[in-house]
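What follows is a short report on a single structure.
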Amino acid sequence: MIDYEYKIPADLHEVFTLLKEYGEKATLVAGGTDVMVKIRNTRKAPEVLISLRRLEDLRYIRKNGGYRIGGLTTHRMLELSNLVRTELSALHDAASQVGSVQVRNVATLGGNICNAAPSADTAAPLLVLDAAVVLEGPGGRRRVPIAEFFKGTYRTVKEPDEVLIEFDIPEKMGAFGSAYWKHSRRKAMELPLIGIAVSVKLSEANEIEDSRIALTVAAPTPIRAYLAEDFLRGKPFTDQVLKEAGEIASSSECCTLRTSLRCEAWYREDMIKIFVPRMAKLAAERIKSR
Amino acid sequence: MEKVSVSFTLNGEPVTIEVPTTWNLLKVLRECFELNGAKEGCGVGECGCCTVIVDGDAVNSCIYPIPEIEGRSVLSVEGISGTDGGLHPLQKAFLENNAVQCGFCTSGMIMSAKALLDKNPEPTEDEIRTGISGNFCRCTGYVQIVEAIEMAAKNKEGNF
């Protein structure tokens, strides 16, 4: 028999009080699309669920210099935001393809990242946008670059008594664009077989000033393909250069591709080779359309 | 097992229930109110047969913890008919377009469609397909369903 207590704190202060009271017995739950499903599938539940759903103050998308997105912001809010679509395009690509409308209406960005699945769609865009995760605990707030946030499959550096408050994304100066490709067999209710996000910043001479490449389902955690990024820096934005970047990103120096029930490793490798250049081109196209 | 008392608005009426904390909204609709339109297909938010509208948004009621419903407004398929008790324009359009075969997905499909049209009265085909992308239908192949929603949007009779 599944049994648990369900606490609905009204504000952050109450959340911390409850976390202190219940310690390891408690699990935080945001939209519940991972936690409730896991309870149902495993028939096991933590003793106490502490719901964050009433923390309406943590649902926001703001631009003031950089961008700040509240931890409880739903995927649907990101999908419907013109600001996200035009300026943080890769995040829009990812958020609007998670689950279904019903899932996106409740599932949160903070939840997707704290669940820390290797396939977390929104992780790759946050990686190419240089996002920082802001955590708050009894000792105050701290910032963790998203590239240092994932510790392993379903494991993060967030302490059990910390709450993910928001994501900080630096302002992107100049000709910057981003894109994410979720490679899957269906358009909805699907996990990526492989996910590829690319951001590029181009010079007036069409050289790559800077670039980020991030992959989901390519390793135990979402990762950046640093070697491919280094290779691109300062190079001309040409088909040949992008092709080589795709080859580097798909190599075992960048990722640890595996064969799973859903897809074989060689296919994931091939798709990285194809979609790194395509996403780089889409990101560049979006610079022009802004 | 701990129980929780929850007050909310169900299909326009204020209601209060006392059920185990672990129940979800779907179970409450079916077992406390005998509203059997929303159905359990997968039970994990994949199939959409349990779709209802909470505060204007389509959600999977099978993974919506009942304590979260406190103070919210829930609309199930039983609550969408007109004041005369007649069929809702979407229900009529589903019948006219043969968008119902076995019927298991229909309630959820109609609630997703309603949530869409409430916010976007003139959706494109693409927007309709996105709107129902969380609703599995294994009979129709979706074409008649999309056509039915298009028809309902065109023949609006009053509010959705």
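All residue names refer to the structure tokens as shown: chains lettered A, B, ... in order, residues numbered from 1 in each chain, ligands numbered from 1 in order.
Every chain B residue lying within 7 Å of chain A, based on only C-alpha atoms, is listed here: Met1, Thr21, Thr22, Val44, Glu46, Asp57, Ala58, Val59, Asn60, Ile63, Gly131, Ser133 and Gly134 of chain B.
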Surrounding residues of B:Tyr64 excluding itself and chain neighbours under 3 positions, 7 Å, only C-alpha atoms, as a compact mmCIF listing (two decimals) with all heavy atoms, in the first residue's frame:
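As a result, result35.txt now contains:
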```
# COMPACT_ATOMS: atom_id res chain seq x y z
N ASN B 24 -5.60 10.66 -6.16
CA ASN B 24 -5.42 11.68 -7.18
C ASN B 24 -6.79 12.20 -7.62
O ASN B 24 -7.84 11.64 -7.25
CB ASN B 24 -4.60 11.15 -8.36
CG ASN B 24 -5.22 9.90 -8.97
OD1 ASN B 24 -6.41 9.88 -9.27
ND2 ASN B 24 -4.41 8.86 -9.14
N LEU B 25 -6.78 13.25 -8.41
CA LEU B 25 -8.03 13.88 -8.83
C LEU B 25 -8.94 12.91 -9.59
O LEU B 25 -10.15 12.90 -9.40
CB LEU B 25 -7.71 15.12 -9.69
CG LEU B 25 -8.88 15.85 -10.34
CD1 LEU B 25 -9.90 16.31 -9.30
CD2 LEU B 25 -8.37 17.04 -11.16
N ASN B 60 -3.52 16.12 -16.69
CA ASN B 60 -3.78 14.70 -16.50
C ASN B 60 -4.23 14.50 -15.05
O ASN B 60 -3.42 14.63 -14.13
CB ASN B 60 -2.50 13.89 -16.76
CG ASN B 60 -2.09 13.94 -18.22
OD1 ASN B 60 -2.90 13.74 -19.10
ND2 ASN B 60 -0.81 14.20 -18.47
N SER B 61 -5.50 14.16 -14.86
CA SER B 61 -6.01 14.06 -13.48
C SER B 61 -5.43 12.85 -12.75
O SER B 61 -5.45 12.81 -11.53
CB SER B 61 -7.53 14.03 -13.47
OG SER B 61 -8.02 12.90 -14.16
```
*May I ask which of the residues B:Ile17, B:Cys139, B:Leu10, B:Ile53 is the closest one to B:Thr106, counting only C-alpha atoms?*
B:Cys139
*Length of the atom CA of A:Glu21 to atom CA of A:Pro160 vector [Å]*: 12.3 Å
_List the spatial neighbours of B:Leu90 as an NGL selection string - criterion: any atom at most 8 Å away, only C-alpha atoms, same-chain residues fewer than 4 positions off excluded._
:B and (94 or 110 or 113-114 or 148-149 or 152)
Could those selected residues go to a file with C-alpha atoms, as a compact mmCIF listing (two decimals), in the first residue's frame?
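See again-v4.txt below for the written result:
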```txt
# COMPACT_ATOMS: atom_id res chain seq x y z
CA PHE B 94 -17.30 14.85 -32.74
CA ILE B 110 -12.82 16.79 -25.91
CA ALA B 113 -9.87 20.47 -27.43
CA LYS B 114 -11.97 22.67 -25.15
CA ALA B 148 -14.26 17.78 -35.66
CA ILE B 149 -12.30 20.36 -33.69
CA ALA B 152 -16.46 23.18 -33.76
```
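Here the question is which of A:Ala30, A:Val276, A:Leu80, A:Asn64 gets nearest to B:Lys119 using only C-alpha atoms, and that residue is A:Leu80.
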*asked:* Quick check for you: according to DSSP on this backbone, which residues of chain B are classed as helix (DSSP H, G or I)? Reply as a PyMOL selection string.
replied: chain B and resi 25-31+61-63+66-69+77-79+89-96+106-119+125-131+143-154
*Identify, on the basis of only C-alpha atoms, every residue whose closest approach to stretch 262-275 of chain A does not exceed 9 Å; exclude the query and any residue fewer than 5 positions from it along the same chain; express the result as number ranges by chain.*
A: 181, 183, 193-197, 215, 217-218, 243-251, 256-257, 280
*Skip A:His13 itself and residues of its chain fewer than 6 positions away, then list as a list in words all residues within 12 Å of it, counting only C-alpha atoms.*
Leu19, Lys20, Leu52, Leu55, Glu136, Gly137, Pro138, Gly140, Glu162 and Val163 of chain A
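Between B:Leu29 and the residues B:Ala153, B:Cys42, B:Ile66, B:Cys47, the shortest atom-to-atom distance, using only C-alpha atoms, involves B:Ile66.
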*List every residue of stretch 151-279 of chain A that DSSP, applied to the backbone of this structure, places in strand (DSSP E), and write the result as a PyMOL selection string.*
chain A and resi 151-152+155-156+163-169+176-183+194-202+208-216+223-224
_Need to verify the contact set: B:Ser5, 7 Å, only C-alpha atoms, exclusion of same-chain residues closer than 5 positions in sequence. Can you return it as a ChimeraX atom specification?_
/B:16-19
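Our summary of the geometry notes that atom CA of A:Tyr180 is positioned 12.2 Å from atom CA of A:Ala120.
You will find atom CA of A:Val84 at 10.9 Å from atom CA of A:Arg68.
Within 8 Å of A:Val133, once only C-alpha atoms are used and residues closer than 3 positions along the same chain are dropped, the contacting residues are Arg143, Val144, Pro145, Ile146, Phe149, Leu164, Ile165, Glu166, Phe167 and Asp168 of chain A.
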*When distances are computed from only C-alpha atoms, which of B:Asn97, B:Thr140, B:Ser112, B:Thr83 shows the smallest separation from B:Gly56?*
B:Ser112
